[in-house]
Amino acid sequence: MTKQLNVGMVGYGFMARAHSNAWANVAHFFETGNRPVLKGVAARNTSRVRHFAEMWGYESVEADWRALIARKDIDAIDICVPNDLHAEIAIAAAQAGKMVLCEKPLARTEAEGKPMVDAVEKAGVPNMVWYNYRRVPAVTLIKNMVEAGRLGQIFHYRAKFLQDWTISPDVPQGGAATWRLDVDAAGSGVTGDLLAHCLDTAIWINGGIASLTAMTETFIKERVHAETGKAQAVGIDDAAAVLTRFGNGSLGTFESTRYARGHKAGYTLEINGAKGSLSWDLHDLNRVQYFDHGVEGAQRGWTDILVTDGDHPYLGKWWVPGLIIGYEHSFIHQVADFLEGLRTGKPAAPTFRDALETNRICDAIIASGKSGAWVNL
Ligand code: SOE
């Protein structure tokens, strides 16, 4: 029998739209035993949150997230606000016995994330962090192929996430639209915002990172703060380049920046193993490039796999082979897995505890960027 699962959203920005779309649509495509209902949304800006509620069909609005958490008719709290607010909301939600879903990164630092993990585990409430790129079917296919041993021993994992929207010194820091540039709100710059995605996918596919060294840079040292109107030192990393050694002996290279002119969301990854290579590009997200060294010499070459068939991950629930899907589907898949986890009792990853590891790696990157030293994890 299908149960109703009442969702309480905190926030109304870009990520709240991506998550709301997932909650609203998941039950049309995935039978998970739970039908999410957009029950309430909370934010301080009452006119904006009312407009958001109307657009997405939320049944009610609260001006304070505490009121949303206090409500008996809310089952799950979904946190889509700047990183500095994650911990307080998540801990309060867990203590009130709600399921808690949190936009990535879990927290600004590992130290801030630890009590969040403790709170959800103490309360025994289902929890998950929205690292959505794991659920792009092509990325899931790569994970499955690596796990099945198709690449053999892994030598290299390579990933980058490139953007270009902060190159102008006129972009402010802080405030609703540009809090990602304010170290107090975000915790870090590209490391926690972009590289965290690459790291989450990497440790999921290739296992844990044993040690790393990083170069980080802040190209623009001062920006006006949107809230005070005053120029203030910039505390975030604008770019990061990282070398890692994985526990399985392979080498990793990671890069993220908001200063790669022409790149808007250039997330790419590649893995090289003894038996083959696999690569993926977010801008062509339905495809996997596969080199199989096992193919007879004269026919050996890169194969372009269009990941839209019914036997590809998640695709059996969508259209017919050949019809592509997009960015928003990764969130629908994540919520489908979360609901499936409720049904089976096997929690969907990454849980808060899983995502704390990504925070730990991000902290090491920031520390190494300052010291120039290798960090053992
Ligand atoms: C930043 O521009 C951003 O929106 C990230 O915050 C998201 O996590 C990433 O998926 C796309 O870029």
# chains A, B, ... in the order shown; residues from 1 in each chain; ligands from 1
$ select_by_dssp --residues "region 3-85 of chain A" --states "helix (DSSP H, G or I)" --output "ChimeraX atom specification"
/A:14-29,46-56,65-70,83-85
$ residues_around --residues "region 290-307 of chain A" --least-positions-apart "3" --cutoff "9 Å" --atoms "only C-alpha atoms" --output "list in words"
Pro137, Ala138, Leu141, Arg150, Leu151, Ala274, Lys275, Gly276, Ser277, Leu278, Ser279, Leu285, Asn286, Arg287, His312, Pro313, Leu315, Pro321, Gly322 and Ile324 of chain A
$ write_last_selection --atoms "N, CA, C and O atoms" --output "compact mmCIF listing (two decimals), in the first residue's frame"
# COMPACT_ATOMS: atom_id res chain seq x y z
N PRO A 137 22.37 8.28 -14.84
CA PRO A 137 22.50 6.87 -15.22
C PRO A 137 23.86 6.51 -15.82
O PRO A 137 24.40 5.44 -15.54
N ALA A 138 24.44 7.42 -16.61
CA ALA A 138 25.74 7.12 -17.22
C ALA A 138 26.82 6.98 -16.15
O ALA A 138 27.71 6.13 -16.26
N LEU A 141 26.29 3.75 -14.41
CA LEU A 141 26.78 2.66 -15.27
C LEU A 141 28.30 2.50 -15.12
O LEU A 141 28.80 1.37 -15.02
N ARG A 150 35.40 -4.50 -15.07
CA ARG A 150 35.62 -4.29 -16.51
C ARG A 150 36.90 -3.52 -16.82
O ARG A 150 37.44 -3.62 -17.91
N LEU A 151 37.39 -2.73 -15.85
CA LEU A 151 38.62 -1.98 -16.10
C LEU A 151 39.85 -2.66 -15.50
O LEU A 151 40.97 -2.22 -15.73
N ALA A 274 43.75 -1.32 -16.23
CA ALA A 274 44.57 -2.21 -17.05
C ALA A 274 43.80 -2.73 -18.26
O ALA A 274 44.36 -2.94 -19.33
N LYS A 275 42.50 -2.96 -18.09
CA LYS A 275 41.71 -3.58 -19.17
C LYS A 275 40.93 -2.58 -20.00
O LYS A 275 40.31 -2.97 -21.00
N GLY A 276 40.87 -1.31 -19.56
CA GLY A 276 40.09 -0.36 -20.33
C GLY A 276 40.00 0.99 -19.65
O GLY A 276 40.59 1.21 -18.59
N SER A 277 39.26 1.88 -20.28
CA SER A 277 39.04 3.23 -19.74
C SER A 277 37.58 3.61 -19.91
O SER A 277 36.90 3.11 -20.82
N LEU A 278 37.12 4.50 -19.02
CA LEU A 278 35.74 5.00 -19.09
C LEU A 278 35.77 6.50 -18.86
O LEU A 278 36.54 6.98 -18.02
N SER A 279 34.94 7.22 -19.60
CA SER A 279 34.87 8.65 -19.31
C SER A 279 33.47 9.19 -19.52
O SER A 279 32.63 8.57 -20.20
N LEU A 285 25.40 14.22 -20.95
CA LEU A 285 25.28 13.35 -19.76
C LEU A 285 24.68 11.98 -19.99
O LEU A 285 24.73 11.12 -19.12
N ASN A 286 24.11 11.77 -21.18
CA ASN A 286 23.55 10.44 -21.46
C ASN A 286 24.57 9.48 -22.07
O ASN A 286 24.20 8.36 -22.45
N ARG A 287 25.80 9.92 -22.21
CA ARG A 287 26.79 9.08 -22.90
C ARG A 287 27.94 8.69 -21.99
O ARG A 287 28.38 9.48 -21.16
N HIS A 312 19.74 -0.10 -18.75
CA HIS A 312 20.68 0.84 -18.13
C HIS A 312 20.10 1.31 -16.79
O HIS A 312 18.87 1.31 -16.61
N PRO A 313 20.98 1.77 -15.86
CA PRO A 313 20.47 2.17 -14.54
C PRO A 313 19.35 3.21 -14.65
O PRO A 313 19.50 4.20 -15.39
N LEU A 315 16.85 3.73 -16.28
CA LEU A 315 16.19 4.07 -17.55
C LEU A 315 14.94 3.27 -17.84
O LEU A 315 14.06 3.73 -18.58
N PRO A 321 13.95 3.28 -25.41
CA PRO A 321 15.37 3.43 -25.75
C PRO A 321 15.61 4.54 -26.78
O PRO A 321 14.85 4.70 -27.73
N GLY A 322 16.67 5.30 -26.53
CA GLY A 322 17.04 6.36 -27.47
C GLY A 322 16.56 7.73 -27.04
O GLY A 322 17.05 8.74 -27.53
N ILE A 324 16.43 10.69 -24.51
CA ILE A 324 17.38 11.11 -23.49
C ILE A 324 16.69 11.77 -22.29
O ILE A 324 15.55 12.20 -22.38
$ residues_around --residues "Gly252 (chain A)" --least-positions-apart "3" --cutoff "9 Å" --atoms "only C-alpha atoms" --output "NGL selection string"
:A and (155-159 or 202 or 209 or 212 or 242-246)
$ write_last_selection --atoms "N, CA and C atoms" --output "PDB file, in the first residue's frame"
ATOM      1  N   PHE A 155      44.451   2.553 -12.481  1.00  0.00           N
ATOM      2  CA  PHE A 155      45.683   3.344 -12.366  1.00  0.00           C
ATOM      3  C   PHE A 155      45.409   4.825 -12.099  1.00  0.00           C
ATOM      4  N   HIS A 156      44.386   5.350 -12.787  1.00  0.00           N
ATOM      5  CA  HIS A 156      44.140   6.800 -12.681  1.00  0.00           C
ATOM      6  C   HIS A 156      42.662   7.109 -12.530  1.00  0.00           C
ATOM      7  N   TYR A 157      42.355   8.109 -11.712  1.00  0.00           N
ATOM      8  CA  TYR A 157      41.016   8.712 -11.654  1.00  0.00           C
ATOM      9  C   TYR A 157      41.240  10.208 -11.855  1.00  0.00           C
ATOM     10  N   ARG A 158      40.502  10.793 -12.788  1.00  0.00           N
ATOM     11  CA  ARG A 158      40.734  12.190 -13.183  1.00  0.00           C
ATOM     12  C   ARG A 158      39.392  12.895 -13.240  1.00  0.00           C
ATOM     13  N   ALA A 159      39.259  14.023 -12.568  1.00  0.00           N
ATOM     14  CA  ALA A 159      37.978  14.741 -12.638  1.00  0.00           C
ATOM     15  C   ALA A 159      38.203  16.242 -12.578  1.00  0.00           C
ATOM     16  N   ALA A 202      34.045  10.165  -6.948  1.00  0.00           N
ATOM     17  CA  ALA A 202      35.314   9.428  -7.011  1.00  0.00           C
ATOM     18  C   ALA A 202      35.408   8.366  -5.922  1.00  0.00           C
ATOM     19  N   ILE A 209      40.299   7.874  -0.387  1.00  0.00           N
ATOM     20  CA  ILE A 209      41.536   8.595  -0.692  1.00  0.00           C
ATOM     21  C   ILE A 209      42.451   8.482   0.526  1.00  0.00           C
ATOM     22  N   LEU A 212      46.736  13.328   0.048  1.00  0.00           N
ATOM     23  CA  LEU A 212      46.571  14.331  -1.014  1.00  0.00           C
ATOM     24  C   LEU A 212      47.457  15.538  -0.769  1.00  0.00           C
ATOM     25  N   VAL A 242      44.295  19.380  -7.238  1.00  0.00           N
ATOM     26  CA  VAL A 242      44.584  18.411  -6.167  1.00  0.00           C
ATOM     27  C   VAL A 242      45.174  17.126  -6.750  1.00  0.00           C
ATOM     28  N   LEU A 243      46.210  16.630  -6.108  1.00  0.00           N
ATOM     29  CA  LEU A 243      46.766  15.304  -6.434  1.00  0.00           C
ATOM     30  C   LEU A 243      46.408  14.368  -5.284  1.00  0.00           C
ATOM     31  N   THR A 244      45.948  13.174  -5.600  1.00  0.00           N
ATOM     32  CA  THR A 244      45.598  12.231  -4.531  1.00  0.00           C
ATOM     33  C   THR A 244      46.202  10.857  -4.797  1.00  0.00           C
ATOM     34  N   ARG A 245      46.363  10.117  -3.715  1.00  0.00           N
ATOM     35  CA  ARG A 245      46.633   8.680  -3.819  1.00  0.00           C
ATOM     36  C   ARG A 245      45.426   7.981  -3.220  1.00  0.00           C
ATOM     37  N   PHE A 246      44.815   7.085  -3.993  1.00  0.00           N
ATOM     38  CA  PHE A 246      43.674   6.315  -3.488  1.00  0.00           C
ATOM     39  C   PHE A 246      44.190   5.105  -2.703  1.00  0.00           C
TER      40      PHE A 246
END
$ atom_distance --atom1 "CA of Thr228 (chain A)" --atom2 "atom 12 (O, counted along the ligand's line) of ligand 1"
25.3 Å
$ residues_near_ligand --ligand "ligand 1" --cutoff "12 Å" --atoms "only C-alpha atoms and all ligand atoms" --output "VMD selection string"
chain A and resid 13 to 19 80 to 83 102 to 106 129 to 134 136 161 to 166 177 to 181 186 188 to 198 200 256 to 258 263 to 267 282 327 to 328 330 to 331
$ atom_distance --atom1 "CA of Ser168 (chain A)" --atom2 "CA of Phe254 (chain A)"
24.2 Å
$ residues_around --residues "Pro347 (chain A)" --least-positions-apart "6" --cutoff "8 Å" --atoms "only C-alpha atoms" --output "JSON, numbers by chain"
{"A": [126, 127, 338, 341]}
$ write_last_selection --atoms "N, CA and C atoms" --output "PDB file, in the first residue's frame"
ATOM      1  N   PRO A 126      16.042   8.410   9.139  1.00  0.00           N
ATOM      2  CA  PRO A 126      16.629   8.296   7.801  1.00  0.00           C
ATOM      3  C   PRO A 126      17.233   9.634   7.380  1.00  0.00           C
ATOM      4  N   ASN A 127      18.376   9.577   6.710  1.00  0.00           N
ATOM      5  CA  ASN A 127      19.061  10.814   6.320  1.00  0.00           C
ATOM      6  C   ASN A 127      19.837  10.615   5.032  1.00  0.00           C
ATOM      7  N   PHE A 338      16.106   7.074  -2.064  1.00  0.00           N
ATOM      8  CA  PHE A 338      15.826   7.365  -0.644  1.00  0.00           C
ATOM      9  C   PHE A 338      14.543   6.662  -0.205  1.00  0.00           C
ATOM     10  N   GLY A 341      14.960   3.041   0.044  1.00  0.00           N
ATOM     11  CA  GLY A 341      15.685   2.754   1.289  1.00  0.00           C
ATOM     12  C   GLY A 341      14.733   2.677   2.485  1.00  0.00           C
TER      13      GLY A 341
END
$ residues_around --residues "Glu59 (chain A)" --least-positions-apart "4" --cutoff "10 Å" --atoms "only C-alpha atoms" --output "PDB file with all heavy atoms, in the first residue's frame"
ATOM      1  N   VAL A  37       4.341  14.294  -0.584  1.00  0.00           N
ATOM      2  CA  VAL A  37       3.387  15.403  -0.693  1.00  0.00           C
ATOM      3  C   VAL A  37       4.135  16.678  -0.294  1.00  0.00           C
ATOM      4  O   VAL A  37       4.807  16.701   0.749  1.00  0.00           O
ATOM      5  CB  VAL A  37       2.175  15.180   0.246  1.00  0.00           C
ATOM      6  CG1 VAL A  37       1.263  16.399   0.260  1.00  0.00           C
ATOM      7  CG2 VAL A  37       1.412  13.934  -0.182  1.00  0.00           C
ATOM      8  N   LEU A  38       4.043  17.706  -1.113  1.00  0.00           N
ATOM      9  CA  LEU A  38       4.721  18.973  -0.811  1.00  0.00           C
ATOM     10  C   LEU A  38       3.879  19.712   0.227  1.00  0.00           C
ATOM     11  O   LEU A  38       2.985  20.474  -0.106  1.00  0.00           O
ATOM     12  CB  LEU A  38       4.906  19.795  -2.086  1.00  0.00           C
ATOM     13  CG  LEU A  38       5.654  19.098  -3.237  1.00  0.00           C
ATOM     14  CD1 LEU A  38       5.849  20.022  -4.419  1.00  0.00           C
ATOM     15  CD2 LEU A  38       6.989  18.548  -2.774  1.00  0.00           C
ATOM     16  N   LYS A  39       4.164  19.440   1.479  1.00  0.00           N
ATOM     17  CA  LYS A  39       3.264  19.844   2.570  1.00  0.00           C
ATOM     18  C   LYS A  39       3.513  21.277   3.027  1.00  0.00           C
ATOM     19  O   LYS A  39       2.571  22.014   3.305  1.00  0.00           O
ATOM     20  CB  LYS A  39       3.479  18.892   3.751  1.00  0.00           C
ATOM     21  CG  LYS A  39       2.320  18.812   4.701  1.00  0.00           C
ATOM     22  CD  LYS A  39       1.160  18.087   4.052  1.00  0.00           C
ATOM     23  CE  LYS A  39      -0.082  18.094   4.910  1.00  0.00           C
ATOM     24  NZ  LYS A  39      -1.234  17.583   4.166  1.00  0.00           N
ATOM     25  N   GLY A  40       4.802  21.640   3.159  1.00  0.00           N
ATOM     26  CA  GLY A  40       5.076  22.991   3.647  1.00  0.00           C
ATOM     27  C   GLY A  40       6.456  23.449   3.233  1.00  0.00           C
ATOM     28  O   GLY A  40       7.348  22.633   2.994  1.00  0.00           O
ATOM     29  N   VAL A  41       6.625  24.781   3.133  1.00  0.00           N
ATOM     30  CA  VAL A  41       7.936  25.333   2.809  1.00  0.00           C
ATOM     31  C   VAL A  41       8.184  26.521   3.739  1.00  0.00           C
ATOM     32  O   VAL A  41       7.257  27.291   4.021  1.00  0.00           O
ATOM     33  CB  VAL A  41       8.052  25.711   1.312  1.00  0.00           C
ATOM     34  CG1 VAL A  41       6.915  26.602   0.834  1.00  0.00           C
ATOM     35  CG2 VAL A  41       9.400  26.373   1.009  1.00  0.00           C
ATOM     36  N   ALA A  53       5.826  28.674  -3.098  1.00  0.00           N
ATOM     37  CA  ALA A  53       4.830  27.664  -2.716  1.00  0.00           C
ATOM     38  C   ALA A  53       3.749  27.543  -3.793  1.00  0.00           C
ATOM     39  O   ALA A  53       3.304  26.440  -4.137  1.00  0.00           O
ATOM     40  CB  ALA A  53       4.200  28.026  -1.375  1.00  0.00           C
ATOM     41  N   GLU A  54       3.379  28.678  -4.343  1.00  0.00           N
ATOM     42  CA  GLU A  54       2.347  28.672  -5.383  1.00  0.00           C
ATOM     43  C   GLU A  54       2.837  27.995  -6.666  1.00  0.00           C
ATOM     44  O   GLU A  54       2.151  27.175  -7.262  1.00  0.00           O
ATOM     45  CB  GLU A  54       1.983  30.117  -5.691  1.00  0.00           C
ATOM     46  CG  GLU A  54       0.550  30.296  -6.149  1.00  0.00           C
ATOM     47  CD  GLU A  54       0.191  31.759  -6.083  1.00  0.00           C
ATOM     48  OE1 GLU A  54       0.021  32.267  -4.955  1.00  0.00           O
ATOM     49  OE2 GLU A  54       0.129  32.360  -7.157  1.00  0.00           O
TER      50      GLU A  54
END
$ atom_distance --atom1 "CA of Asn6 (chain A)" --atom2 "CA of Ala76 (chain A)"
6.4 Å
$ residues_around --residues "region 332-337 of chain A" --least-positions-apart "5" --cutoff "7 Å" --atoms "only C-alpha atoms" --output "PDB file with N, CA and C atoms, in the first residue's frame"
ATOM      1  N   ALA A  22      11.908  16.882  -7.876  1.00  0.00           N
ATOM      2  CA  ALA A  22      12.124  15.446  -7.626  1.00  0.00           C
ATOM      3  C   ALA A  22      11.017  14.881  -6.742  1.00  0.00           C
ATOM      4  N   TRP A  23      10.709  15.575  -5.649  1.00  0.00           N
ATOM      5  CA  TRP A  23       9.643  15.098  -4.750  1.00  0.00           C
ATOM      6  C   TRP A  23       8.309  15.025  -5.503  1.00  0.00           C
ATOM      7  N   VAL A  26       8.611  12.005  -8.478  1.00  0.00           N
ATOM      8  CA  VAL A  26       9.160  10.653  -8.304  1.00  0.00           C
ATOM      9  C   VAL A  26       8.090   9.563  -8.369  1.00  0.00           C
ATOM     10  N   PHE A  30       8.439   5.982 -10.261  1.00  0.00           N
ATOM     11  CA  PHE A  30       9.026   4.927  -9.420  1.00  0.00           C
ATOM     12  C   PHE A  30       8.012   4.482  -8.372  1.00  0.00           C
ATOM     13  N   THR A  32       7.702   3.142  -5.047  1.00  0.00           N
ATOM     14  CA  THR A  32       8.565   2.940  -3.880  1.00  0.00           C
ATOM     15  C   THR A  32       7.764   2.742  -2.603  1.00  0.00           C
ATOM     16  N   ASN A 132      23.916  14.589  -6.195  1.00  0.00           N
ATOM     17  CA  ASN A 132      23.033  14.068  -7.242  1.00  0.00           C
ATOM     18  C   ASN A 132      23.747  13.399  -8.407  1.00  0.00           C
ATOM     19  N   ARG A 135      23.670   9.755  -9.429  1.00  0.00           N
ATOM     20  CA  ARG A 135      22.432   9.187  -9.980  1.00  0.00           C
ATOM     21  C   ARG A 135      22.189   9.577 -11.427  1.00  0.00           C
ATOM     22  N   ALA A 348      19.686   4.719   1.634  1.00  0.00           N
ATOM     23  CA  ALA A 348      20.316   5.179   0.395  1.00  0.00           C
ATOM     24  C   ALA A 348      21.549   6.003   0.743  1.00  0.00           C
TER      25      ALA A 348
END
$ select_by_dssp --residues "region 227-278 of chain A" --states "strand (DSSP E or B)" --output "PyMOL selection string"
chain A and resi 231-233+239-246+251-257+266-273+276-278
